$ cat coords-v2.csv   # CSV, C-alpha atoms and all ligand atoms
chain,number,residue,atom,x,y,z
J,836,MET,CA,169.2,49.3,202.2
J,837,ILE,CA,166.3,47.2,203.4
J,838,ILE,CA,162.9,48.5,204.3
J,839,ASP,CA,160.8,46.7,206.9
J,840,THR,CA,157.3,47.5,205.4
J,841,HIS,CA,155.3,46.3,208.4
J,842,SER,CA,156.3,46.9,212.0
J,843,HIS,CA,154.6,47.6,215.3
J,844,LEU,CA,157.6,48.9,217.2
J,845,PHE,CA,155.3,50.9,219.5
J,846,ASP,CA,154.0,47.6,221.0
J,847,GLU,CA,154.6,47.1,224.7
J,848,ALA,CA,156.8,44.2,223.9
J,849,PHE,CA,159.4,46.9,223.0
J,850,THR,CA,159.0,49.0,226.1
J,851,GLY,CA,162.4,50.5,227.0
J,852,ASP,CA,164.1,48.8,224.0
J,853,VAL,CA,163.0,50.9,221.0
J,854,LYS,CA,166.2,52.8,220.6
J,855,ASP,CA,168.2,49.6,220.7
J,856,CYS,CA,165.9,48.0,218.2
J,857,ILE,CA,166.4,51.0,215.9
J,858,LYS,CA,170.2,50.7,216.3
J,859,ARG,CA,170.2,47.0,215.6
J,860,ALA,CA,168.1,47.6,212.5
J,861,LYS,CA,170.4,50.3,211.2
J,862,ASP,CA,173.4,48.1,211.9
J,863,VAL,CA,172.1,45.6,209.3
J,864,ASN,CA,171.1,48.3,206.9
J,865,VAL,CA,167.4,48.5,207.7
J,866,ASN,CA,167.1,52.2,207.3
J,867,LYS,CA,163.4,52.7,206.8
J,868,ILE,CA,160.5,51.2,208.8
J,869,ILE,CA,156.8,51.5,208.0
J,870,LEU,CA,155.1,51.9,211.4
J,871,VAL,CA,151.7,50.4,211.0
J,872,GLY,CA,148.7,51.7,213.1
J,873,PHE,CA,145.6,49.6,213.5
J,874,SER,CA,143.4,51.3,216.1
J,875,LYS,CA,142.8,54.8,217.5
J,876,GLU,CA,145.5,54.3,220.1
J,877,THR,CA,148.1,52.8,217.8
J,878,ASN,CA,147.5,55.3,215.1
J,879,GLU,CA,148.5,58.0,217.6
J,880,LEU,CA,151.5,56.0,218.6
J,881,ALA,CA,152.7,55.6,215.0
J,882,ILE,CA,152.6,59.4,214.5
J,883,SER,CA,154.3,60.2,217.8
J,884,TYR,CA,157.1,57.7,217.3
J,885,SER,CA,157.6,59.0,213.8
J,886,LYS,CA,158.2,62.5,215.1
J,887,GLU,CA,160.9,61.0,217.4
J,888,ASP,CA,162.9,59.2,214.7
J,889,SER,CA,163.1,59.7,211.0
J,890,ILE,CA,163.5,56.0,210.4
J,891,PHE,CA,159.7,55.6,210.9
J,892,TYR,CA,157.0,56.2,208.3
J,893,PRO,CA,153.6,56.1,210.0
J,894,THR,CA,150.3,54.7,208.7
J,895,ALA,CA,146.8,54.8,210.1
J,896,GLY,CA,144.0,52.2,209.9
J,897,LEU,CA,141.4,50.2,211.7
J,898,HIS,CA,142.0,46.5,211.9
J,899,PRO,CA,139.1,44.1,211.5
J,900,SER,CA,139.3,43.4,215.2
J,901,GLU,CA,138.1,47.0,215.7
J,902,ALA,CA,135.0,46.5,213.6
J,903,SER,CA,131.7,47.4,215.4
J,904,LEU,CA,128.3,48.7,214.6
J,905,ASN,CA,129.9,52.2,215.1
J,906,TYR,CA,131.9,51.7,211.9
J,907,GLN,CA,130.5,54.8,210.3
J,908,ASP,CA,131.7,57.0,213.1
J,909,ASP,CA,135.0,55.2,213.2
J,910,LEU,CA,135.5,55.9,209.4
J,911,LYS,CA,134.8,59.6,210.1
J,912,TYR,CA,137.4,59.5,212.8
J,913,LEU,CA,139.9,57.9,210.4
J,914,GLU,CA,139.3,60.4,207.7
J,915,ASP,CA,139.7,63.3,210.1
J,916,PHE,CA,142.9,61.6,211.4
J,917,ILE,CA,144.6,61.2,208.0
J,918,CYS,CA,143.6,64.8,207.1
J,919,LYS,CA,145.4,66.1,210.2
J,920,ASN,CA,148.4,63.8,210.1
J,921,LYS,CA,150.9,62.9,207.4
J,922,VAL,CA,150.5,59.1,206.8
J,923,TYR,CA,152.0,57.0,204.1
J,924,ALA,CA,149.2,54.4,203.9
J,925,ILE,CA,145.7,53.5,205.0
J,926,GLY,CA,145.8,50.3,207.1
J,927,GLU,CA,146.2,47.9,208.3
J,928,CYS,CA,142.7,47.0,207.5
J,929,GLY,CA,141.0,44.0,206.0
J,930,LEU,CA,139.1,40.9,207.1
J,931,ASP,CA,139.9,38.4,209.8
J,932,TYR,CA,137.6,35.5,210.4
J,933,HIS,CA,140.0,33.5,212.6
J,934,TRP,CA,138.9,34.7,216.0
J,935,VAL,CA,135.5,36.3,215.2
J,936,SER,CA,133.4,35.4,212.2
J,937,ASP,CA,129.9,36.4,213.3
J,938,ASN,CA,130.4,40.0,212.3
J,939,LYS,CA,131.4,39.5,208.7
J,940,GLU,CA,129.2,42.3,207.3
J,941,VAL,CA,130.5,44.9,209.7
J,942,GLN,CA,134.1,43.9,209.0
J,943,LYS,CA,133.4,44.2,205.3
J,944,ALA,CA,131.8,47.7,205.7
J,945,LEU,CA,134.8,48.9,207.8
J,946,PHE,CA,137.2,47.5,205.2
J,947,LYS,CA,135.4,48.9,202.2
J,948,GLY,CA,135.2,52.3,203.9
J,949,GLN,CA,139.0,52.3,204.2
J,950,LEU,CA,139.4,51.4,200.5
J,951,ASP,CA,137.2,54.4,199.7
J,952,LEU,CA,139.5,56.6,201.8
J,953,ALA,CA,142.5,55.2,200.0
J,954,LEU,CA,140.8,56.1,196.7
J,955,LYS,CA,139.8,59.6,197.8
J,956,TYR,CA,143.2,60.5,199.2
J,957,ASN,CA,145.3,58.6,196.8
J,958,LEU,CA,147.0,56.5,199.5
J,959,PRO,CA,148.2,52.9,199.3
J,960,VAL,CA,146.4,50.3,201.4
J,961,ILE,CA,147.9,47.7,203.8
J,962,VAL,CA,145.6,44.7,203.8
J,963,HIS,CA,145.4,42.2,206.6
J,964,MET,CA,143.7,39.0,205.6
J,965,ARG,CA,143.2,35.9,207.8
J,966,ASP,CA,140.9,33.0,207.0
J,967,ALA,CA,139.0,35.3,204.7
J,968,THR,CA,140.7,35.1,201.3
J,969,LEU,CA,137.6,35.0,199.0
J,970,ASP,CA,135.6,37.7,200.8
J,971,THR,CA,138.7,39.9,200.9
J,972,TYR,CA,139.1,39.5,197.2
J,973,GLU,CA,135.4,40.2,196.6
J,974,VAL,CA,135.6,43.5,198.6
J,975,MET,CA,138.7,44.6,196.8
J,976,LYS,CA,137.7,43.6,193.2
J,977,PRO,CA,135.6,46.7,192.4
J,978,TYR,CA,138.7,48.8,193.1
J,979,SER,CA,140.9,46.9,190.7
J,980,GLY,CA,143.3,49.3,189.0
J,981,LYS,CA,142.0,52.3,191.0
J,982,ILE,CA,143.9,51.8,194.2
J,983,ARG,CA,147.3,50.3,195.1
J,984,GLY,CA,148.6,48.5,198.1
J,985,VAL,CA,150.0,45.4,199.7
J,986,MET,CA,148.7,42.1,201.0
J,987,HIS,CA,150.7,42.1,204.2
J,988,CYS,CA,152.4,39.0,205.6
J,989,TYR,CA,150.8,37.0,202.8
J,990,SER,CA,150.2,33.4,203.6
J,991,GLY,CA,147.8,32.3,200.8
J,992,SER,CA,148.3,30.3,197.6
J,993,LEU,CA,150.4,31.3,194.7
J,994,GLU,CA,147.2,31.3,192.5
J,995,MET,CA,145.5,33.9,194.7
J,996,ALA,CA,148.7,35.9,195.0
J,997,LYS,CA,148.6,36.3,191.3
J,998,GLU,CA,144.9,37.5,191.5
J,999,PHE,CA,145.8,40.1,194.1
J,1000,ILE,CA,148.7,41.3,191.9
J,1001,LYS,CA,146.2,41.7,189.0
J,1002,LEU,CA,144.1,44.0,191.2
J,1003,GLY,CA,147.2,46.2,191.5
J,1004,PHE,CA,148.6,44.9,194.8
J,1005,TYR,CA,152.0,43.9,196.0
J,1006,ILE,CA,152.7,40.8,198.0
J,1007,SER,CA,154.7,41.2,201.2
J,1008,LEU,CA,156.4,38.2,202.9
J,1009,GLY,CA,157.5,38.0,206.5
J,1010,GLY,CA,159.0,35.5,208.9
J,1011,PRO,CA,156.8,32.5,208.0
J,1012,VAL,CA,158.6,32.2,204.6
J,1013,THR,CA,161.6,31.0,206.6
J,1014,PHE,CA,159.8,28.2,208.3
J,1015,LYS,CA,160.7,24.8,207.1
J,1016,ASN,CA,157.2,23.6,206.5
J,1017,ALA,CA,156.0,26.8,204.7
J,1018,LYS,CA,155.9,25.1,201.3
J,1019,GLU,CA,153.3,27.4,199.7
J,1020,SER,CA,155.0,30.6,201.0
J,1021,LYS,CA,158.2,29.4,199.6
J,1022,ARG,CA,156.5,28.8,196.3
J,1023,VAL,CA,155.0,32.3,196.3
J,1024,ALA,CA,158.5,33.7,197.2
J,1025,SER,CA,160.1,31.9,194.3
J,1026,SER,CA,157.4,32.6,191.6
J,1027,ILE,CA,155.8,36.0,191.9
J,1028,PRO,CA,157.2,38.8,189.8
J,1029,LEU,CA,160.0,40.5,191.6
J,1030,ASP,CA,158.6,43.9,190.9
J,1031,LYS,CA,155.6,43.0,193.1
J,1032,LEU,CA,157.5,41.7,196.1
J,1033,LEU,CA,158.0,43.4,199.5
J,1034,VAL,CA,159.5,42.2,202.8
J,1035,GLU,CA,158.3,42.9,206.4
J,1036,THR,CA,158.5,41.6,209.9
J,1037,ASP,CA,155.1,42.3,211.4
J,1038,CYS,CA,157.1,42.6,214.7
J,1039,PRO,CA,156.6,41.8,217.5
J,1040,TYR,CA,154.9,38.8,215.9
J,1041,LEU,CA,156.0,36.0,213.6
J,1042,ALA,CA,159.8,36.0,214.2
J,1043,PRO,CA,161.7,34.2,211.4
J,1044,THR,CA,163.9,31.2,211.9
J,1045,PRO,CA,166.1,30.9,214.0
J,1046,TYR,CA,164.2,33.3,216.3
J,1047,ARG,CA,160.8,31.6,215.8
J,1048,GLY,CA,158.7,31.8,218.9
J,1049,SER,CA,160.6,34.8,220.4
J,1050,ARG,CA,159.9,38.5,220.0
J,1051,ASN,CA,160.4,39.7,216.4
J,1052,GLU,CA,162.1,43.0,215.6
J,1053,SER,CA,162.8,45.0,212.4
J,1054,SER,CA,166.5,43.9,212.1
J,1055,TYR,CA,165.2,40.3,211.6
J,1056,VAL,CA,163.8,41.3,208.2
J,1057,VAL,CA,167.2,40.4,206.9
J,1058,ARG,CA,166.4,36.8,207.5
J,1059,VAL,CA,163.4,37.1,205.2
J,1060,VAL,CA,165.5,38.7,202.5
J,1061,GLU,CA,168.1,36.0,202.8
J,1062,GLU,CA,165.5,33.3,202.5
J,1063,ILE,CA,164.0,34.8,199.3
J,1064,ALA,CA,167.5,35.3,197.8
J,1065,CYS,CA,168.2,31.6,198.5
J,1066,LEU,CA,164.9,30.4,197.0
J,1067,ARG,CA,165.4,32.5,193.9
J,1068,ASN,CA,169.0,31.8,193.6
J,1069,MET,CA,169.8,35.5,193.6
J,1070,SER,CA,172.1,37.6,195.8
J,1071,VAL,CA,171.0,39.2,199.1
J,1072,SER,CA,171.9,42.6,197.8
J,1073,ASP,CA,169.8,42.2,194.6
J,1074,ILE,CA,166.7,41.2,196.7
J,1075,SER,CA,167.4,44.0,199.1
J,1076,ASN,CA,167.6,46.6,196.3
J,1077,ILE,CA,164.6,45.3,194.4
J,1078,THR,CA,162.3,45.1,197.4
J,1079,THR,CA,163.5,48.5,198.7
J,1080,GLN,CA,162.7,50.2,195.4
J,1081,ASN,CA,159.3,48.5,195.3
J,1082,ALA,CA,158.6,49.9,198.8
J,1083,ILE,CA,159.8,53.4,197.9
J,1084,ASN,CA,157.5,53.3,194.8
J,1085,LEU,CA,154.4,51.9,196.6
J,1086,PHE,CA,154.6,54.2,199.7
J,1087,ASN,CA,156.0,57.2,197.9
J,1088,LEU,CA,158.9,57.4,200.4
J,1089,GLU,CA,161.6,60.0,200.2
J,1090,ASP,CA,165.0,58.6,199.2
J,1101,ZN,ZN,150.4,44.1,211.6

$ encode --input "coords-v2.csv" --output "structure tokens"
Amino acid sequence: MIIDTHSHLFDEAFTGDVKDCIKRAKDVNVNKIILVGFSKETNELAISYSKEDSIFYPTAGLHPSEASLNYQDDLKYLEDFICKNKVYAIGECGLDYHWVSDNKEVQKALFKGQLDLALKYNLPVIVHMRDATLDTYEVMKPYSGKIRGVMHCYSGSLEMAKEFIKLGFYISLGGPVTFKNAKESKRVASSIPLDKLLVETDCPYLAPTPYRGSRNESSYVVRVVEEIACLRNMSVSDISNITTQNAINLFNLED
């Protein structure tokens, strides 16, 4: 079995095609999919899709692009939401300075509030980090050893990956590890401890080679597993089994 630990199959890119996407995933042994919410609307979608098909495990979070001065109300909404709905993680949440970097303090407050919820409700956290490595690390550091989670679609250095692992986090790799020029991601894939490694698609974004540039979907996570197996000189089934067990442990999934 393989688990896609980060998917947005509720995205409009999949309109009319979700059932076929699920079938194609199952055909290649992808039998569990973490369906990641990131806004009020998508948190609802993750829950409703998960009621339709048992392949899905929903999460709820507020992406840094949702950060506003209303963050305290938004955190209250999220707490209420996770109390009313079964979710397997908080997130995705984090810091993203790529598009907007004039609201860093609000982004940090929204992120920190979600780490507090993870602590209070004993849930893992899915962390989104873009162009904000050091600030993300600083916000997370006080929670070291107290919360667990994953650095999703990790694209940073091997050195920082090891630091996030020390905080109690897993490293999840997606399509970019298959790109020819992704030297650092390949280094991370070959070097981090196997018991800290997860795989994902982040679909519909970031399709792996040879689908780069087109719509990604959960079945393509197999390409990520194959690439890591090749880099580590291991079998595809070993990497599948190890990353699956890691995902089951982190998200407390039923077997
Ligand atoms: Zn995502």

$ atom_distance --input "coords-v2.csv" --atom1 "atom CA of Lys867 of chain J" --atom2 "atom CA of Ile925 of chain J"
17.8 Å

$ residues_near_ligand --input "coords-v2.csv" --ligand "ligand ZN 1101 (chain J)" --cutoff "8 Å" --atoms "only C-alpha atoms and all ligand atoms" --output "PyMOL selection string"
chain J and resi 841-843+871-873+927+963+987+1037-1038

$ atom_distance --input "coords-v2.csv" --atom1 "atom CA of Ala848 of chain J" --atom2 "atom CA of Val935 of chain J"
24.3 Å

$ atom_distance --input "coords-v2.csv" --atom1 "atom CA of Ser1053 of chain J" --atom2 "atom CA of Ala860 of chain J"
5.9 Å

$ residues_near_point --input "coords-v2.csv" --point "(151.8, 37.0, 191.2)" --cutoff "8 Å" --atoms "all atoms listed in the file" --output "PyMOL selection string"
chain J and resi 993-1001+1006+1023+1026-1028+1031

$ closest_residue --input "coords-v2.csv" --among "J:Tyr989, J:Phe946, J:Tyr1005, J:Tyr956" --to "Val974 of chain J" --atoms "all atoms listed in the file"
J:Phe946

$ residues_around --input "coords-v2.csv" --residues "Lys1015 of chain J" --least-positions-apart "3" --cutoff "12 Å" --atoms "only C-alpha atoms" --output "list of chain:residue names"
J:Gly1010, J:Pro1011, J:Val1012, J:Lys1018, J:Glu1019, J:Ser1020, J:Lys1021, J:Pro1043, J:Thr1044, J:Pro1045, J:Arg1047, J:Glu1062

$ closest_residue --input "coords-v2.csv" --among "J:Leu1033, J:Ala953, J:Leu969, J:Leu945" --to "Ser900 of chain J" --atoms "all atoms listed in the file"
J:Leu945

$ closest_residue --input "coords-v2.csv" --among "J:Met975, J:Val863, J:Ile961, J:Cys918" --to "Lys943 of chain J" --atoms "all atoms listed in the file"
J:Met975

$ closest_residue --input "coords-v2.csv" --among "J:Asn1076, J:Ile917, J:Met964, J:Ala944" --to "Val865 of chain J" --atoms "only C-alpha atoms"
J:Asn1076

$ closest_residue --input "coords-v2.csv" --among "J:Ser936, J:Ser1007, J:Asn878, J:Ser903" --to "Lys921 of chain J" --atoms "only C-alpha atoms"
J:Asn878
